[in-house]
$ cat coords_30.cif   # mmCIF, C-alpha atoms
data_run
#
loop_
_atom_site.label_atom_id
_atom_site.label_comp_id
_atom_site.auth_asym_id
_atom_site.auth_seq_id
_atom_site.Cartn_x
_atom_site.Cartn_y
_atom_site.Cartn_z
CA MET H 1 -45.41 124.95 155.22
CA ASN H 2 -46.00 124.87 158.97
CA ALA H 3 -43.25 123.07 160.93
CA ASP H 4 -45.29 122.91 164.13
CA PRO H 5 -46.80 119.39 164.25
CA SER H 6 -49.55 120.55 166.60
CA ASN H 7 -50.91 122.86 163.88
CA VAL H 8 -51.20 120.20 161.17
CA ASP H 9 -54.79 119.68 160.03
CA PRO H 10 -56.11 116.69 162.12
CA GLY H 11 -57.79 115.16 159.05
CA ARG H 12 -54.53 115.25 157.11
CA LYS H 13 -52.65 113.89 160.15
CA ARG H 14 -55.08 110.95 160.35
CA LEU H 15 -54.74 110.38 156.60
CA TYR H 16 -50.94 110.12 156.80
CA ALA H 17 -51.10 107.96 159.95
CA ALA H 18 -53.52 105.56 158.21
CA ALA H 19 -51.36 105.52 155.07
CA LEU H 20 -48.22 104.78 157.11
CA ALA H 21 -50.03 101.99 158.97
CA GLY H 22 -51.29 100.63 155.64
CA LEU H 23 -47.71 100.46 154.39
CA MET H 24 -46.63 98.05 157.14
CA PRO H 25 -46.09 95.12 154.71
CA ALA H 26 -43.60 97.29 152.81
CA PHE H 27 -41.91 98.48 156.02
CA ALA H 28 -41.55 94.83 157.12
CA GLY H 29 -39.93 94.03 153.77
CA ALA H 30 -37.52 96.99 153.88
CA THR H 31 -34.68 95.31 155.77
CA ASP H 32 -31.86 97.53 154.52
CA LEU H 33 -31.13 100.74 152.64
CA ILE H 34 -30.89 99.27 149.13
CA ASP H 35 -34.01 97.12 149.53
CA SER H 36 -35.93 100.04 150.96
CA VAL H 37 -34.89 102.32 148.08
CA ALA H 38 -36.04 99.66 145.61
CA LEU H 39 -39.33 99.13 147.47
CA ALA H 40 -39.85 102.89 147.68
CA GLY H 41 -39.28 103.13 143.90
CA CYS H 42 -41.82 100.35 143.33
CA PHE H 43 -44.28 102.05 145.66
CA ALA H 44 -43.83 105.45 144.00
CA ALA H 45 -44.31 103.92 140.53
CA GLY H 46 -47.37 101.89 141.62
CA PHE H 47 -48.91 104.86 143.42
CA ALA H 48 -48.22 107.24 140.51
CA PHE H 49 -49.70 104.86 137.91
CA ALA H 50 -52.79 104.20 140.09
CA ALA H 51 -53.32 107.90 140.83
CA ALA H 52 -52.82 108.86 137.17
CA SER H 53 -55.25 106.17 136.06
CA SER H 54 -57.99 107.23 138.48
CA ALA H 55 -57.45 110.92 137.64
CA LEU H 56 -57.33 110.55 133.85
CA LEU H 57 -60.01 107.93 133.22
CA PRO H 58 -63.32 109.44 132.08
CA LYS H 59 -65.89 110.02 134.84
CA ASP H 60 -68.58 107.98 133.13
CA LEU H 61 -66.54 104.79 133.34
CA GLY H 62 -68.00 103.72 136.69
CA GLY H 63 -66.38 103.17 140.08
CA ARG H 64 -65.70 99.44 139.80
CA ARG H 65 -64.19 99.62 136.31
CA SER H 66 -62.08 102.61 137.30
CA PHE H 67 -60.83 100.74 140.39
CA ALA H 68 -59.96 97.69 138.27
CA PHE H 69 -58.03 99.89 135.84
CA GLY H 70 -56.32 101.62 138.77
CA LEU H 71 -55.16 98.29 140.21
CA LEU H 72 -53.95 97.17 136.80
CA ALA H 73 -52.08 100.45 136.41
CA ALA H 74 -50.47 100.04 139.86
CA SER H 75 -49.35 96.50 138.99
CA LEU H 76 -47.86 97.72 135.70
CA GLY H 77 -46.07 100.56 137.51
CA VAL H 78 -44.55 98.15 140.03
CA ALA H 79 -43.58 95.75 137.21
CA PHE H 80 -41.80 98.56 135.32
CA ALA H 81 -39.94 99.61 138.49
CA LEU H 82 -38.99 95.99 139.28
CA SER H 83 -37.69 95.36 135.75
CA THR H 84 -35.54 98.48 136.03
CA PHE H 85 -34.23 97.27 139.40
CA ARG H 86 -33.53 93.85 137.85
CA LEU H 87 -31.32 95.53 135.24
CA LEU H 88 -29.38 97.40 137.92
CA ALA H 89 -29.06 94.65 140.54
CA PRO H 90 -30.16 91.18 139.32
CA LEU H 91 -29.31 89.32 142.52
CA ARG H 92 -31.00 91.88 144.73
CA PHE H 93 -34.07 91.58 142.50
CA GLU H 94 -34.24 87.82 143.09
CA LEU H 95 -34.21 88.41 146.85
CA LEU H 96 -36.69 91.29 146.71
CA TYR H 97 -39.40 90.57 144.14
CA GLY H 98 -41.45 88.40 146.52
CA ARG H 99 -41.80 91.38 148.84
CA ALA H 100 -42.37 93.93 146.05
CA VAL H 101 -45.43 92.14 144.64
CA LEU H 102 -47.28 93.19 147.81
CA ILE H 103 -46.93 96.88 146.94
CA PRO H 104 -50.04 97.17 144.67
CA PHE H 105 -52.13 95.76 147.53
CA THR H 106 -51.01 98.21 150.21
CA VAL H 107 -53.65 100.62 151.51
CA PRO H 108 -52.23 103.87 150.01
CA VAL H 109 -52.02 102.33 146.52
CA LEU H 110 -55.53 100.86 146.78
CA GLU H 111 -56.73 104.26 147.95
CA ALA H 112 -55.06 105.95 144.98
CA ALA H 113 -56.70 103.46 142.61
CA TRP H 114 -60.14 103.99 144.15
CA ARG H 115 -61.74 107.32 143.32
CA PRO H 116 -65.55 107.72 143.15
CA GLU H 117 -66.81 109.17 139.85
CA ALA H 118 -67.75 112.51 141.43
CA ALA H 119 -64.27 113.05 142.89
CA ARG H 120 -62.31 111.87 139.85
CA GLY H 121 -60.06 114.56 138.43
CA GLN H 122 -60.94 116.94 141.30
CA ALA H 123 -57.92 116.37 143.53
CA ARG H 124 -55.14 118.96 143.59
CA ARG H 125 -52.43 118.10 141.10
CA TRP H 126 -49.53 117.85 143.55
CA ASP H 127 -51.41 116.17 146.40
CA ALA H 128 -50.83 112.61 145.15
CA ALA H 129 -47.19 113.36 144.25
CA LEU H 130 -46.54 114.83 147.71
CA ARG H 131 -48.12 111.83 149.45
CA ALA H 132 -46.13 109.39 147.31
CA ALA H 133 -42.88 111.28 148.05
CA ILE H 134 -43.51 111.42 151.82
CA LEU H 135 -44.48 107.74 152.08
CA SER H 136 -41.54 106.65 149.88
CA LEU H 137 -39.19 108.68 152.05
CA ALA H 138 -40.66 107.06 155.18
CA MET H 139 -39.94 103.66 153.65
CA VAL H 140 -36.31 104.57 152.91
CA VAL H 141 -35.84 105.97 156.43
CA VAL H 142 -37.26 102.79 158.02
CA GLY H 143 -34.98 100.58 155.89
CA ALA H 144 -31.91 102.72 156.61
CA VAL H 145 -32.55 102.85 160.37
CA ARG H 146 -33.17 99.08 160.50
CA GLU H 147 -29.94 98.35 158.63
CA PHE H 148 -27.93 100.73 160.76
CA LEU H 149 -29.28 99.28 164.00
CA ALA H 150 -28.86 95.69 162.81
CA GLU H 151 -25.44 95.97 161.15
CA GLY H 152 -23.88 99.07 162.68
CA THR H 153 -23.17 100.34 159.16
CA PHE H 154 -24.64 100.56 155.66
CA ARG H 155 -23.66 97.50 153.59
CA ALA H 156 -23.82 99.51 150.35
CA ALA H 157 -20.97 101.71 151.61
CA ALA H 158 -19.04 99.26 153.80
CA GLU H 159 -16.33 96.83 152.72
CA GLY H 160 -15.91 93.53 154.53
CA PRO H 161 -17.84 92.33 157.58
CA ALA H 162 -19.95 94.75 159.60
CA PRO H 163 -18.10 96.29 162.56
CA HIS H 164 -20.86 96.10 165.18
CA ALA H 165 -24.02 94.04 164.95
CA ALA H 166 -25.70 96.16 167.60
CA LEU H 167 -29.29 94.91 167.37
CA PRO H 168 -29.34 91.95 164.92
CA PHE H 169 -33.07 91.37 165.45
CA MET H 170 -33.75 94.66 163.60
CA ALA H 171 -33.19 92.68 160.37
CA THR H 172 -36.25 90.54 161.11
CA PRO H 173 -39.71 91.63 159.83
CA SER H 174 -41.21 92.13 163.31
CA ALA H 175 -38.65 94.88 164.00
CA ALA H 176 -40.45 97.11 161.46
CA PHE H 177 -43.59 97.11 163.67
CA LEU H 178 -41.48 98.04 166.68
CA LEU H 179 -39.74 100.84 164.80
CA VAL H 180 -42.94 102.33 163.38
CA GLY H 181 -44.60 102.08 166.81
CA VAL H 182 -41.68 103.91 168.42
CA GLY H 183 -41.85 106.51 165.64
CA PHE H 184 -45.58 107.13 166.22
CA ALA H 185 -45.01 107.36 169.99
CA ALA H 186 -42.17 109.86 169.50
CA TRP H 187 -44.34 111.94 167.15
CA ALA H 188 -47.22 111.93 169.66
CA GLY H 189 -44.80 112.92 172.43
CA VAL H 190 -43.38 115.83 170.42
CA ALA H 191 -46.89 117.03 169.45
CA LYS H 192 -48.05 116.87 173.08
CA ARG H 193 -45.01 118.79 174.31
CA MET H 194 -45.50 121.48 171.66
CA ASN H 195 -49.18 121.78 172.54
CA LYS H 196 -48.23 122.34 176.20
CA GLU H 197 -45.68 124.99 175.27
CA THR H 198 -48.12 126.92 173.08
CA ALA H 199 -50.93 126.71 175.70
CA MET L 1 -73.30 110.99 127.79
CA SER L 2 -74.28 108.66 124.94
CA GLU L 3 -73.66 104.91 125.02
CA GLY L 4 -71.51 105.18 121.89
CA LYS L 5 -69.15 107.74 123.43
CA ARG L 6 -68.87 105.69 126.61
CA ASP L 7 -67.93 102.61 124.58
CA TRP L 8 -65.28 104.65 122.76
CA ASN L 9 -63.83 105.86 126.07
CA LEU L 10 -63.66 102.31 127.35
CA ALA L 11 -62.06 101.10 124.12
CA ILE L 12 -59.40 103.85 124.29
CA ALA L 13 -58.67 103.02 127.95
CA LEU L 14 -58.36 99.31 127.11
CA GLY L 15 -56.06 100.12 124.17
CA VAL L 16 -53.77 102.29 126.32
CA PHE L 17 -53.59 99.63 129.03
CA ALA L 18 -52.93 96.87 126.47
CA ALA L 19 -50.05 98.93 125.00
CA LEU L 20 -48.65 99.50 128.51
CA ALA L 21 -48.94 95.78 129.36
CA VAL L 22 -47.15 94.75 126.14
CA SER L 23 -44.31 97.23 126.67
CA CYS L 24 -44.03 96.09 130.31
CA ALA L 25 -43.79 92.43 129.19
CA LEU L 26 -41.10 93.25 126.60
CA PHE L 27 -39.09 95.27 129.11
CA SER L 28 -39.39 92.47 131.68
CA ARG L 29 -38.18 89.92 129.11
CA TYR L 30 -35.23 92.12 128.19
CA SER L 31 -34.19 92.64 131.81
CA ALA L 32 -34.62 88.89 132.56
CA GLY L 33 -32.28 88.06 129.66
CA LEU L 34 -29.60 90.47 130.86
CA ALA L 35 -29.97 89.25 134.45
CA GLY L 36 -29.57 85.63 133.29
CA ARG L 37 -26.35 86.48 131.45
CA SER L 38 -25.07 88.29 134.54
CA PHE L 39 -25.81 85.24 136.74
CA SER L 40 -24.10 82.84 134.32
CA ALA L 41 -21.02 85.07 134.31
CA ARG L 42 -21.07 85.22 138.11
CA LEU L 43 -21.12 81.41 138.26
CA THR L 44 -18.07 81.36 135.93
CA ALA L 45 -20.15 79.73 133.20
CA PRO L 46 -20.73 82.65 130.82
CA ASP L 47 -21.77 80.41 127.91
CA ALA L 48 -24.23 78.30 129.91
CA ALA L 49 -27.94 79.01 129.70
CA TRP L 50 -29.39 80.44 132.89
CA GLU L 51 -32.47 78.71 134.24
CA PRO L 52 -34.38 80.36 137.11
CA ILE L 53 -35.60 77.89 139.77
CA ARG L 54 -36.71 79.99 142.78
CA GLU L 55 -37.35 77.00 145.04
CA GLY L 56 -36.48 77.76 148.64
CA ALA L 57 -32.93 79.09 148.83
CA VAL L 58 -32.06 78.01 145.27
CA ILE L 59 -32.29 80.95 142.86
CA GLY L 60 -31.38 79.19 139.64
CA ARG L 61 -28.74 77.23 137.77
CA ALA L 62 -26.41 77.38 134.82
CA ALA L 63 -26.11 73.92 133.27
CA GLU L 64 -23.01 73.05 131.26
CA GLY L 65 -22.28 69.48 130.21
CA ALA L 66 -22.31 66.94 133.03
CA ARG L 67 -22.45 69.49 135.83
CA SER L 68 -24.77 72.26 136.92
CA ARG L 69 -23.79 75.36 138.84
CA TYR L 70 -26.45 76.54 141.28
CA LEU L 71 -26.79 80.01 142.70
CA VAL L 72 -28.04 79.82 146.28
CA ALA L 73 -29.16 82.57 148.68
CA MET L 74 -29.17 80.85 152.08
CA PRO L 75 -31.19 82.75 154.70
CA PHE L 76 -29.63 83.18 158.12
CA PHE L 77 -31.15 85.36 160.82
CA GLY L 78 -32.81 87.85 158.49
CA ARG L 79 -29.80 88.02 156.15
CA ARG L 80 -28.64 86.03 153.12
CA VAL L 81 -25.41 84.26 152.32
CA ILE L 82 -24.80 83.88 148.57
CA ILE L 83 -23.19 80.59 147.54
CA SER L 84 -22.34 78.90 144.26
CA ALA L 85 -22.67 75.10 144.39
CA THR L 86 -21.56 72.79 141.57
CA LEU L 87 -23.42 69.48 141.31
CA ARG L 88 -22.60 66.43 139.23
CA ARG L 89 -25.30 64.73 137.18
CA ASP L 90 -25.93 62.17 139.98
CA GLY L 91 -26.75 65.00 142.43
CA SER L 92 -23.53 64.88 144.45
CA VAL L 93 -21.87 68.16 145.35
CA GLU L 94 -18.61 68.72 143.50
CA GLY L 95 -17.73 71.95 145.25
CA ALA L 96 -19.07 75.15 146.73
CA THR L 97 -17.83 78.73 146.78
CA LEU L 98 -18.85 81.65 148.94
CA LEU L 99 -19.81 84.49 146.57
CA ASP L 100 -21.14 87.09 148.99
CA PRO L 101 -21.14 86.49 152.76
CA GLY L 102 -23.08 89.68 153.50
CA SER L 103 -22.78 90.24 157.23
CA GLN L 104 -22.77 86.49 157.96
CA ALA L 105 -19.22 85.70 156.84
CA THR L 106 -18.58 83.13 159.59
CA PHE L 107 -21.78 81.21 158.89
CA GLY L 108 -21.11 81.36 155.14
CA ARG L 109 -17.58 79.97 155.51
CA ARG L 110 -18.80 77.16 157.80
CA LEU L 111 -21.57 76.24 155.38
CA VAL L 112 -19.23 76.19 152.37
CA ALA L 113 -16.70 74.14 154.35
CA ALA L 114 -19.41 71.61 155.18
CA MET L 115 -20.50 71.45 151.53
CA ASN L 116 -16.96 70.94 150.29
CA GLY L 117 -16.78 67.79 152.41
CA PRO L 118 -14.37 66.49 155.08
CA GLY L 119 -10.76 65.94 154.19
CA ARG L 120 -10.54 68.98 151.95
CA THR L 121 -8.46 71.98 152.99
CA ALA L 122 -11.51 74.23 152.99
CA ALA L 123 -13.30 71.86 155.36
CA LEU L 124 -10.73 71.90 158.15
CA SER L 125 -12.76 74.33 160.24
CA TYR L 126 -15.93 72.24 159.99
CA SER L 127 -16.92 70.18 162.98
CA PRO L 128 -19.86 67.74 163.32
CA LEU L 129 -20.89 69.85 166.34
CA ASP L 130 -21.41 72.87 164.08
CA ARG L 131 -25.19 72.75 164.55
CA ALA L 132 -26.13 76.00 162.78
CA ALA L 133 -24.23 75.08 159.64
CA GLU L 134 -25.26 71.44 159.80
CA SER L 135 -29.02 72.06 159.76
CA ALA L 136 -28.66 74.62 156.93
CA TYR L 137 -26.37 72.17 155.09
CA ARG L 138 -28.94 69.36 155.28
CA ALA L 139 -31.82 71.61 154.11
CA LEU L 140 -29.73 73.02 151.27
CA GLY L 141 -28.52 69.56 150.20
CA GLU L 142 -32.13 68.39 149.97
CA SER L 143 -33.17 71.43 147.89
CA LEU L 144 -30.23 70.97 145.52
CA ARG L 145 -30.85 67.24 145.09
CA GLU L 146 -34.52 67.92 144.32
CA ALA L 147 -33.60 70.60 141.79
CA GLN L 148 -31.05 68.30 140.16
CA ALA L 149 -33.57 65.43 140.03
CA ALA L 150 -36.15 67.74 138.45
CA GLN L 151 -33.57 68.74 135.84
CA GLY L 152 -32.94 65.05 135.06
CA GLU L 153 -36.69 64.45 134.60
CA THR L 154 -37.09 67.33 132.18
CA ARG L 155 -34.16 66.14 130.00
#
$ encode --input "coords_30.cif" --output "structure tokens"
Amino acid sequence: MNADPSNVDPGRKRLYAAALAGLMPAFAGATDLIDSVALAGCFAAGFAFAAASSALLPKDLGGRRSFAFGLLAASLGVAFALSTFRLLAPLRFELLYGRAVLIPFTVPVLEAAWRPEAARGQARRWDAALRAAILSLAMVVVGAVREFLAEGTFRAAAEGPAPHAALPFMATPSAAFLLVGVGFAAWAGVAKRMNKETA
Amino acid sequence: MSEGKRDWNLAIALGVFAALAVSCALFSRYSAGLAGRSFSARLTAPDAAWEPIREGAVIGRAAEGARSRYLVAMPFFGRRVIISATLRRDGSVEGATLLDPGSQATFGRRLVAAMNGPGRTAALSYSPLDRAAESAYRALGESLREAQAAQGETR
């Protein structure tokens, strides 16, 4: 694996940038570490079910039918993940499920569900798993950073009131856009600097 | 590929998805049952039946006899304050308890003090000038009264 961001295939870079941008509804919903872990689990389950459906369904099924099955599979995956989360943390589930139902309609999951007949079953086996893992991790990182900036600590680990509410507005949905924008800008800055150094 | 084989493929796919959907529904029902029991226990009414409401800040209630205990997640600046409110049959608030203040402990205490009513020990810190708690208190009172009225209609 190449650590130099300037050497990453531009097509792949664009794919991940588009996928991250398409996950904005989930980033906006990931207000803290626990919520973001739950949303990431829902996303991973939805993505895996959709990708498995589009890879395993027979090629002669037709694009529209395959897409419909993929969406159904994604919804079932998210429902399984949400029911598991409900068993573990019932109250958190009640506060989260409204945000989690958006997951099957995010761009990366829709993309995983949509696979033209010719391409079905052709993708490399670990490609979808790697994408799901990277995007889920991004979701957890966004949630953790937002909670840390908003509360000054992680509520899951802390007892009693938060010590420093440094940037309380980070708990609001709009803060996710700000954070992802700053992240993209930092990435672009690092890539530019590395390009200059190698030139 | 022949039409017959294609139909078989479609039938198998439909069968697999139907089995997945049924198992998902059963699992969801099981987890909802356990969650309901956990909520009833949290509201100190372990024998009461849990009824999800999900209207505004009101999550649900556990009804026992003449009173209903409501579980409320009051939003405040991107965070939630978890409160248990006990209502009498006529819709008046009998008492409120702060279950989980999250990071909004001060707001939660003020809101619970307002709900418990003036003249009670818990309400000593409440002032009519407490604007943040007052607006939340009014909105919550309305939601709870509506939920209690809806419960009366269904009985």
$ resolve_selection --input "coords_30.cif" --expression "the PyMOL selection byres ((chain H and resi 83) around 9)" --output "PyMOL selection string"
(chain H and resi 78-82+84-88+93) or (chain L and resi 24+27-32)
$ resolve_selection --input "coords_30.cif" --expression "the PyMOL selection byres ((chain L) within 8 of (chain H))" --output "list in words"
Met1, Arg6, Asn9, Leu10, Ala13, Phe17, Leu20, Ala21, Cys24, Phe27, Ser28, Ser31, Ala32, Leu34, Ala35, Ser38, Phe39, Ile59, Ala73, Phe77, Gly78, Arg79, Gly102, Ser103, Gln104 and Ala105 of chain L
$ atom_distance --input "coords_30.cif" --atom1 "atom CA of L:Gln151" --atom2 "atom CA of L:Glu51"
10.2 Å
$ axis_aligned_box --input "coords_30.cif" --around "stretch 27-45 of chain L" --padding-each-side "5 Å" --output "lines of an AutoDock Vina configuration file"
center_x = -28.7
center_y = 87.5
center_z = 133.2
size_x = 31.3
size_y = 25.5
size_z = 20.1
$ atom_distance --input "coords_30.cif" --atom1 "atom CA of H:Ala68" --atom2 "atom CA of H:Phe27"
25.3 Å
$ closest_residue --input "coords_30.cif" --among "H:Pro25, H:Pro104, H:Arg14, H:Leu33" --to "H:Leu137" --atoms "only C-alpha atoms"
H:Leu33
$ resolve_selection --input "coords_30.cif" --expression "the PyMOL selection byres ((chain H and resi 105) around 12)" --output "number ranges by chain"
H: 22-26, 43, 46-47, 50, 70-72, 74-75, 78, 99-104, 106-114
$ atom_distance --input "coords_30.cif" --atom1 "atom CA of L:Leu26" --atom2 "atom CA of L:Leu71"
25.3 Å
$ closest_residue --input "coords_30.cif" --among "L:Val72, L:Val16, L:Ala11, L:Val112" --to "L:Gly56" --atoms "only C-alpha atoms"
L:Val72
$ closest_residue --input "coords_30.cif" --among "L:Ala149, L:Ala133, L:Ala49, L:Ile83" --to "L:Thr106" --atoms "all atoms listed in the file"
L:Ala133
